Amino acid sequence: MKARIAGIGAWGPGFNSADTLMAIIDSGEPAVGSDEAAATRPAATVIPPRERRRAPLSVKLAVEAAGQACTAAEVEPAEAACVFVSALGDLDITDYMCRTLASDTPQLSPTKFHNSVHNAPVGYWSISTGNHHAGNAVAAGPDYSLAASLMEAFIQCEVEQRPVLWVTQDIAAPAAYQPLWPVDHACAFALLLLPCADEAATRLERTGQPAEWPPLEHPTLTGLYNDNPSARVLALLQAHQFGEPVDLPLAPGQGLRISLP
Amino acid sequence: MMQTCAINGWTLTSALGAGLATLGPALAARESGLRRNDFPGSGIDTWIGRVDGLDDGEALPERWRSRNNALAELGLAQDDFIGRVRDTRDRLGADRLGVIIGTSTSSIGRTEAAYRAMDNDRWPAEYLQPDVHQPHSPGLYVAHRLGITGPALTISTACASSAKVFASGWRWLQSGVVDAVVVGGVDSLCHSVLGGFSSLELTSTQPCRPFDTRRDGISLGEAAGFALLTRPQDAPASAPWLAGYGETSDAFHMSQPPENGAGAEAAMRAAIGRAGLDAAEIGYANLHGTASQANDIAESRALSRVFGEPVPVSSTKGWTGHTLGAAGIVEAVIALQALVTGLLPGTLNLSEPDPGLAFPILQDNLEASIGAALSNSFGFGGNNCSLVFRRRLSGAEA
């Protein structure tokens, strides 16, 4: 499986773009203005104002990262098929729905309900950008979502010979979920993939062997990497720095080797 | 380049019963699986397509306990599906099979129960099930239950989920990343969807009446269905083919289709085109046909532009209810059965077709030998997927 990574988007605690993220990785220090980025929601101005008011954080994060990746790749947002990922889904909305249903007044907000679908981020993105192509929303659990969804996106890019926008986001877990998923910060990352068969391509191949998540040693990013399933994409950036392929868990007992150009 | 993939076995469990043996007779006799809402704890005045004999997973190991996994288990146990997968696994190797499951609710019914049982903002220990309280719950369970160790993915694009699994499954085979893929859908009734669709005023107080002038909403249902996709050379000569798929986005509204059905039209055209067929060669189309005001009109307009001349098209949601993330596999299986048996189901509860429809909808069942069948699934977020199945061609034709 081959495709060229033509654009990157990123939003999370201490970074609000791929550039600020790279600066953090390179320097080991929080980026300038990072407190602001951590404290605010992304503006996500690509979403029309009326829809933006209704859009939850999960949607704004995904759309922000998606827009950045398209801009960096100089690909029209309407032109790429979409594979949007969240390992845990919108836990804020799940928490709201389950709390409300367990209460004495179990009437659900219609807006919250239609925002509860796993494909809300890709739905808002397609509506905001006029994108009529295939829009997917997937999950493969905290350990396997990253590799399995990248595999899905690379396959789609290669088989359909079309740009594919891969976007992953996970938000912080509400209190009730913390014993299961102790996620403390929200983040989103996006990669714009273009069909490519030459040496500029990133290559994915199954290893046939188990793989473990490689440790990420960094003064400010290790916590995020360890607790937020979407932040596991940082393993790719680390591999890029080292200039070596990286094996990531794809399924129990199965690894996916990612070789960056 | 692989032009198609084979459907090397399939099964369906819905409100009509467990397994294919219950499906055909219920369709032929026009016996609905819908009943007045008796889902425990729900006071909503509506009708539902509930699967009998399901508990909340009490028979499953605690790690997996949920109604959704209980439904997956019941579904997998039908039509020797497990045996068929085992044969394929033994031949190809467990890691050469993949799993792609569609769902909209995953095991959220279990999460609802955890919140009901919550004490001081903490779930009781029995609910601390990491493999259940996440979107990938059905993908994990199916891979575990079938002993498949290759890649597994859950697709959750609302009501198009388990149609899109066929498109992804095709691509996985084409890319060579696996040699066979179990695709399917599992979606179970829960308060989130009963309460949610009720809050949108989309549920009917009657059994749903697709395309009828008096239609006033949907009947929710639950179902589990699965299919085994392989390359044609790995399937018996009798296996039908997934000949085409079309995936599009409306780019219009989170919970409403555009009035002209443009996204639905594009999905159907893409699926038929990929199959190398003319629209006139489609012998039957199973429609999304939810019985919501907006969907049925928009879909009929899309049909009129794709087909022009009438072909038998129907909605079977009057039998099964709208099974959301499982609707794709439910209706794919009904289309496959139509291809194999020649029974084209009509539309239950359609007695007065809406005069505003742009395309005639089949009311009564029909017996006809057909060569190709189409199935439509459209979801929230404007997510559309159409599939085309056809009988296997002879070597010369292929």
# chains A, B, ... in the order shown; residues from 1 in each chain; ligands from 1
$ closest_atom_pairs --of "chain B" --to "chain A" --cutoff "7 Å" --atoms "only C-alpha atoms" --output "JSON lines"
{"residue": "B:Ser104", "atom": "CA", "partner": "A:Val117", "partner_atom": "CA", "distance": 6.9}
{"residue": "B:Glu112", "atom": "CA", "partner": "A:Cys98", "partner_atom": "CA", "distance": 5.0}
{"residue": "B:Tyr115", "atom": "CA", "partner": "A:Cys98", "partner_atom": "CA", "distance": 6.1}
{"residue": "B:Arg116", "atom": "CA", "partner": "A:Ala102", "partner_atom": "CA", "distance": 5.1}
{"residue": "B:Asp121", "atom": "CA", "partner": "A:Ala176", "partner_atom": "CA", "distance": 5.9}
{"residue": "B:Arg122", "atom": "CA", "partner": "A:Ala176", "partner_atom": "CA", "distance": 5.8}
{"residue": "B:Trp123", "atom": "CA", "partner": "A:Ala176", "partner_atom": "CA", "distance": 7.0}
{"residue": "B:Leu128", "atom": "CA", "partner": "A:Leu180", "partner_atom": "CA", "distance": 6.7}
{"residue": "B:Pro130", "atom": "CA", "partner": "A:Leu180", "partner_atom": "CA", "distance": 6.1}
{"residue": "B:Gln134", "atom": "CA", "partner": "A:Leu88", "partner_atom": "CA", "distance": 5.5}
{"residue": "B:Pro135", "atom": "CA", "partner": "A:Ala139", "partner_atom": "CA", "distance": 6.2}
{"residue": "B:His136", "atom": "CA", "partner": "A:Ala140", "partner_atom": "CA", "distance": 5.1}
{"residue": "B:Thr149", "atom": "CA", "partner": "A:Pro252", "partner_atom": "CA", "distance": 6.7}
{"residue": "B:Gly150", "atom": "CA", "partner": "A:Ala251", "partner_atom": "CA", "distance": 6.6}
{"residue": "B:Pro151", "atom": "CA", "partner": "A:Ala251", "partner_atom": "CA", "distance": 5.5}
{"residue": "B:Ala152", "atom": "CA", "partner": "A:Ala140", "partner_atom": "CA", "distance": 6.8}
{"residue": "B:Leu153", "atom": "CA", "partner": "A:Ala140", "partner_atom": "CA", "distance": 5.1}
{"residue": "B:Thr154", "atom": "CA", "partner": "A:Ala139", "partner_atom": "CA", "distance": 5.3}
{"residue": "B:Ile155", "atom": "CA", "partner": "A:Val138", "partner_atom": "CA", "distance": 4.5}
{"residue": "B:Ser156", "atom": "CA", "partner": "A:Ala137", "partner_atom": "CA", "distance": 5.5}
{"residue": "B:Thr157", "atom": "CA", "partner": "A:Asn119", "partner_atom": "CA", "distance": 5.0}
{"residue": "B:Ala158", "atom": "CA", "partner": "A:Val117", "partner_atom": "CA", "distance": 6.1}
{"residue": "B:Arg171", "atom": "CA", "partner": "A:Val159", "partner_atom": "CA", "distance": 6.5}
{"residue": "B:Trp172", "atom": "CA", "partner": "A:Ile155", "partner_atom": "CA", "distance": 6.9}
{"residue": "B:Ser175", "atom": "CA", "partner": "A:Ile155", "partner_atom": "CA", "distance": 6.4}
{"residue": "B:Ser192", "atom": "CA", "partner": "A:Met97", "partner_atom": "CA", "distance": 6.8}
{"residue": "B:Gly195", "atom": "CA", "partner": "A:Leu108", "partner_atom": "CA", "distance": 6.4}
{"residue": "B:Gly196", "atom": "CA", "partner": "A:Phe113", "partner_atom": "CA", "distance": 5.5}
{"residue": "B:Ser199", "atom": "CA", "partner": "A:Pro110", "partner_atom": "CA", "distance": 5.3}
{"residue": "B:Leu200", "atom": "CA", "partner": "A:Pro110", "partner_atom": "CA", "distance": 5.3}
{"residue": "B:Glu247", "atom": "CA", "partner": "A:Ala134", "partner_atom": "CA", "distance": 4.8}
{"residue": "B:Thr248", "atom": "CA", "partner": "A:Ala134", "partner_atom": "CA", "distance": 4.6}
{"residue": "B:Ser249", "atom": "CA", "partner": "A:His132", "partner_atom": "CA", "distance": 4.4}
{"residue": "B:Asp250", "atom": "CA", "partner": "A:His132", "partner_atom": "CA", "distance": 5.9}
{"residue": "B:Ala251", "atom": "CA", "partner": "A:Ile127", "partner_atom": "CA", "distance": 3.8}
{"residue": "B:Phe252", "atom": "CA", "partner": "A:Ile127", "partner_atom": "CA", "distance": 5.3}
{"residue": "B:His253", "atom": "CA", "partner": "A:Ile127", "partner_atom": "CA", "distance": 6.6}
{"residue": "B:Met254", "atom": "CA", "partner": "A:Gly123", "partner_atom": "CA", "distance": 6.4}
{"residue": "B:Ser255", "atom": "CA", "partner": "A:His114", "partner_atom": "CA", "distance": 6.7}
{"residue": "B:Gly381", "atom": "CA", "partner": "A:Gly123", "partner_atom": "CA", "distance": 4.3}
{"residue": "B:Gly382", "atom": "CA", "partner": "A:Gly123", "partner_atom": "CA", "distance": 6.6}
{"residue": "B:Asn383", "atom": "CA", "partner": "A:Gly135", "partner_atom": "CA", "distance": 6.8}
$ residues_around --residues "stretch 179-185 of chain B" --least-positions-apart "2" --cutoff "6 Å" --atoms "only C-alpha atoms" --output "NGL selection string"
:B and (96-103 or 162 or 165 or 173 or 224-230 or 326 or 329)
$ residues_around --residues "A:Leu165" --least-positions-apart "6" --cutoff "9 Å" --atoms "only C-alpha atoms" --output "ChimeraX atom specification"
/A:66,69-70,77,80-84,153,190-194
$ residues_around --residues "A:Ala65" --least-positions-apart "6" --cutoff "6 Å" --atoms "only C-alpha atoms" --output "PDB file with N, CA, C and O atoms, in the first residue's frame"
ATOM      1  N   GLY A   9      -2.189  18.261   9.107  1.00  0.00           N
ATOM      2  CA  GLY A   9      -2.894  19.190   9.989  1.00  0.00           C
ATOM      3  C   GLY A   9      -2.776  18.705  11.422  1.00  0.00           C
ATOM      4  O   GLY A   9      -2.681  17.496  11.664  1.00  0.00           O
ATOM      5  N   ALA A  10      -2.756  19.628  12.383  1.00  0.00           N
ATOM      6  CA  ALA A  10      -2.612  19.238  13.787  1.00  0.00           C
ATOM      7  C   ALA A  10      -3.218  20.283  14.707  1.00  0.00           C
ATOM      8  O   ALA A  10      -3.103  21.495  14.453  1.00  0.00           O
ATOM      9  N   PHE A 189      -5.498  15.268  14.272  1.00  0.00           N
ATOM     10  CA  PHE A 189      -4.422  15.250  13.274  1.00  0.00           C
ATOM     11  C   PHE A 189      -5.042  14.856  11.936  1.00  0.00           C
ATOM     12  O   PHE A 189      -6.017  14.089  11.898  1.00  0.00           O
ATOM     13  N   ALA A 190      -4.464  15.365  10.862  1.00  0.00           N
ATOM     14  CA  ALA A 190      -4.963  15.034   9.528  1.00  0.00           C
ATOM     15  C   ALA A 190      -3.801  14.827   8.566  1.00  0.00           C
ATOM     16  O   ALA A 190      -2.766  15.486   8.690  1.00  0.00           O
TER      17      ALA A 190
END
$ residues_around --residues "stretch 213-221 of chain A" --least-positions-apart "6" --cutoff "12 Å" --atoms "only C-alpha atoms" --output "PyMOL selection string"
chain A and resi 12-15+21-31+34+142-144+146-147+185+187+227-229+231-239+245-251+254-257
$ write_last_selection --atoms "C-alpha atoms" --output "compact mmCIF listing (two decimals), in the first residue's frame"
# COMPACT_ATOMS: atom_id res chain seq x y z
CA GLY A 12 -3.86 19.89 20.43
CA PRO A 13 -2.49 21.09 23.74
CA GLY A 14 0.38 23.42 22.91
CA PHE A 15 0.05 23.29 19.13
CA LEU A 21 3.77 20.78 16.51
CA MET A 22 7.08 20.25 14.67
CA ALA A 23 8.62 23.10 16.64
CA ILE A 24 7.62 21.41 19.89
CA ILE A 25 8.99 18.08 18.72
CA ASP A 26 12.27 19.61 17.59
CA SER A 27 12.85 21.84 20.60
CA GLY A 28 11.31 19.71 23.30
CA GLU A 29 9.63 22.86 24.56
CA PRO A 30 6.04 24.03 24.38
CA ALA A 31 5.48 26.30 21.42
CA SER A 34 0.68 27.20 23.26
CA PRO A 142 -7.58 2.68 21.25
CA ASP A 143 -4.69 0.42 20.26
CA TYR A 144 -5.52 -0.39 16.66
CA LEU A 146 -4.41 4.40 14.05
CA ALA A 147 -2.87 1.61 11.97
CA HIS A 185 -6.65 16.28 26.47
CA CYS A 187 -6.33 16.56 19.87
CA ASP A 227 -3.45 8.52 26.81
CA ASN A 228 -5.06 9.86 23.62
CA PRO A 229 -5.48 7.24 20.88
CA ALA A 231 -2.01 11.20 19.42
CA ARG A 232 -0.42 7.85 18.57
CA VAL A 233 0.17 9.37 15.15
CA LEU A 234 3.14 11.06 16.83
CA ALA A 235 4.93 7.71 16.46
CA LEU A 236 5.03 8.43 12.73
CA LEU A 237 6.60 11.84 13.24
CA GLN A 238 9.14 10.34 15.60
CA ALA A 239 9.98 7.67 13.01
CA PRO A 245 10.43 2.47 9.41
CA VAL A 246 8.15 1.96 12.38
CA ASP A 247 6.01 -1.09 13.25
CA LEU A 248 2.63 -0.25 14.79
CA PRO A 249 -0.03 -2.57 16.23
CA LEU A 250 -2.68 -3.32 13.57
CA ALA A 251 -4.64 -6.05 15.36
CA GLN A 254 -0.43 -8.22 13.90
CA GLY A 255 1.75 -5.27 13.04
CA LEU A 256 1.77 -2.71 10.25
CA ARG A 257 5.14 -1.40 9.08
$ residues_around --residues "stretch 279-288 of chain B" --least-positions-apart "3" --cutoff "6 Å" --atoms "only C-alpha atoms" --output "list in words"
Phe307, Pro312, Val313, Ser314, Ser315, Ile370, Ala372, Ala373, Leu374, Ser375, Asn376 and Ser377 of chain B
$ write_last_selection --atoms "N, CA and C atoms" --output "PDB file, in the first residue's frame"
ATOM      1  N   PHE B 307     -33.413   5.416 -13.429  1.00  0.00           N
ATOM      2  CA  PHE B 307     -34.023   4.304 -14.164  1.00  0.00           C
ATOM      3  C   PHE B 307     -34.918   4.760 -15.312  1.00  0.00           C
ATOM      4  N   PRO B 312     -38.907  -3.142 -10.792  1.00  0.00           N
ATOM      5  CA  PRO B 312     -39.429  -3.447  -9.452  1.00  0.00           C
ATOM      6  C   PRO B 312     -38.506  -2.888  -8.372  1.00  0.00           C
ATOM      7  N   VAL B 313     -39.039  -1.958  -7.578  1.00  0.00           N
ATOM      8  CA  VAL B 313     -38.281  -1.380  -6.455  1.00  0.00           C
ATOM      9  C   VAL B 313     -39.186  -1.383  -5.229  1.00  0.00           C
ATOM     10  N   SER B 314     -38.634  -1.687  -4.070  1.00  0.00           N
ATOM     11  CA  SER B 314     -39.481  -1.728  -2.876  1.00  0.00           C
ATOM     12  C   SER B 314     -38.665  -1.434  -1.628  1.00  0.00           C
ATOM     13  N   SER B 315     -39.379  -1.080  -0.578  1.00  0.00           N
ATOM     14  CA  SER B 315     -38.774  -0.970   0.753  1.00  0.00           C
ATOM     15  C   SER B 315     -39.293  -2.126   1.602  1.00  0.00           C
ATOM     16  N   ILE B 370     -34.108 -12.724 -11.949  1.00  0.00           N
ATOM     17  CA  ILE B 370     -33.373 -11.499 -12.242  1.00  0.00           C
ATOM     18  C   ILE B 370     -31.874 -11.780 -12.289  1.00  0.00           C
ATOM     19  N   ALA B 372     -29.531  -9.098 -11.774  1.00  0.00           N
ATOM     20  CA  ALA B 372     -28.794  -8.155 -10.925  1.00  0.00           C
ATOM     21  C   ALA B 372     -29.763  -7.439 -10.000  1.00  0.00           C
ATOM     22  N   ALA B 373     -29.302  -7.136  -8.800  1.00  0.00           N
ATOM     23  CA  ALA B 373     -30.131  -6.446  -7.805  1.00  0.00           C
ATOM     24  C   ALA B 373     -29.320  -5.326  -7.177  1.00  0.00           C
ATOM     25  N   LEU B 374     -30.029  -4.253  -6.832  1.00  0.00           N
ATOM     26  CA  LEU B 374     -29.380  -3.093  -6.223  1.00  0.00           C
ATOM     27  C   LEU B 374     -29.941  -2.897  -4.818  1.00  0.00           C
ATOM     28  N   SER B 375     -29.114  -2.365  -3.924  1.00  0.00           N
ATOM     29  CA  SER B 375     -29.594  -2.059  -2.576  1.00  0.00           C
ATOM     30  C   SER B 375     -29.103  -0.675  -2.175  1.00  0.00           C
ATOM     31  N   ASN B 376     -30.016   0.138  -1.647  1.00  0.00           N
ATOM     32  CA  ASN B 376     -29.705   1.521  -1.259  1.00  0.00           C
ATOM     33  C   ASN B 376     -29.670   1.675   0.251  1.00  0.00           C
ATOM     34  N   SER B 377     -28.668   2.389   0.774  1.00  0.00           N
ATOM     35  CA  SER B 377     -28.628   2.739   2.192  1.00  0.00           C
ATOM     36  C   SER B 377     -28.128   4.168   2.337  1.00  0.00           C
TER      37      SER B 377
END
$ closest_residue --among "B:Ser304, B:Thr347, B:Asn8, B:Ser106" --to "B:Gln363" --atoms "only C-alpha atoms"
B:Thr347
$ closest_residue --among "B:Arg231, B:Arg215, B:Arg392, B:Arg89" --to "B:Gln293" --atoms "only C-alpha atoms"
B:Arg215
$ select_by_dssp --residues "stretch 48-142 of chain B" --states "helix (DSSP H, G or I)" --output "ChimeraX atom specification"
/B:62-64,67-76,81-92,94-96,108-116,125-127,137-142
$ atom_distance --atom1 "atom CA of A:Ala44" --atom2 "atom CA of A:Pro56"
10.9 Å
$ atom_distance --atom1 "atom CA of B:Ala77" --atom2 "atom CA of B:Gly19"
8.4 Å
$ closest_residue --among "B:Gln174, B:Asn295, B:Thr46, B:Ser386" --to "B:Phe211" --atoms "only C-alpha atoms"
B:Asn295
$ closest_residue --among "A:Ser259, A:Asn226, A:Thr45, A:Gln161" --to "A:Thr202" --atoms "only C-alpha atoms"
A:Ser259
$ select_by_dssp --residues "stretch 209-395 of chain B" --states "strand (DSSP E)" --output "ChimeraX atom specification"
/B:220-221,223-230,241-249,284-286,313-314,343-344,366-367,372-379,383-390
$ atom_distance --atom1 "atom CA of B:Asn365" --atom2 "atom CA of B:Val330"
17.8 Å
$ closest_atom_pairs --of "stretch 57-78 of chain B" --to "stretch 12-17 of chain B" --cutoff "10 Å" --atoms "only C-alpha atoms" --output "CSV"
residue,atom,partner,partner_atom,distance
B:Leu71,CA,B:Thr13,CA,8.2
B:Ala72,CA,B:Thr13,CA,8.9
B:Leu74,CA,B:Thr13,CA,7.5
B:Gly75,CA,B:Thr13,CA,5.3
B:Leu76,CA,B:Leu12,CA,8.6
B:Ala77,CA,B:Thr13,CA,9.7
B:Gln78,CA,B:Leu12,CA,7.7
$ residues_around --residues "stretch 35-44 of chain B" --least-positions-apart "2" --cutoff "8 Å" --atoms "only C-alpha atoms" --output "PyMOL selection string"
chain B and resi 33+46-50+189+191+194-195+198+207
$ closest_residue --among "B:Leu343, B:Ala267, B:Ala291, B:Ala235" --to "B:Thr203" --atoms "only C-alpha atoms"
B:Ala291
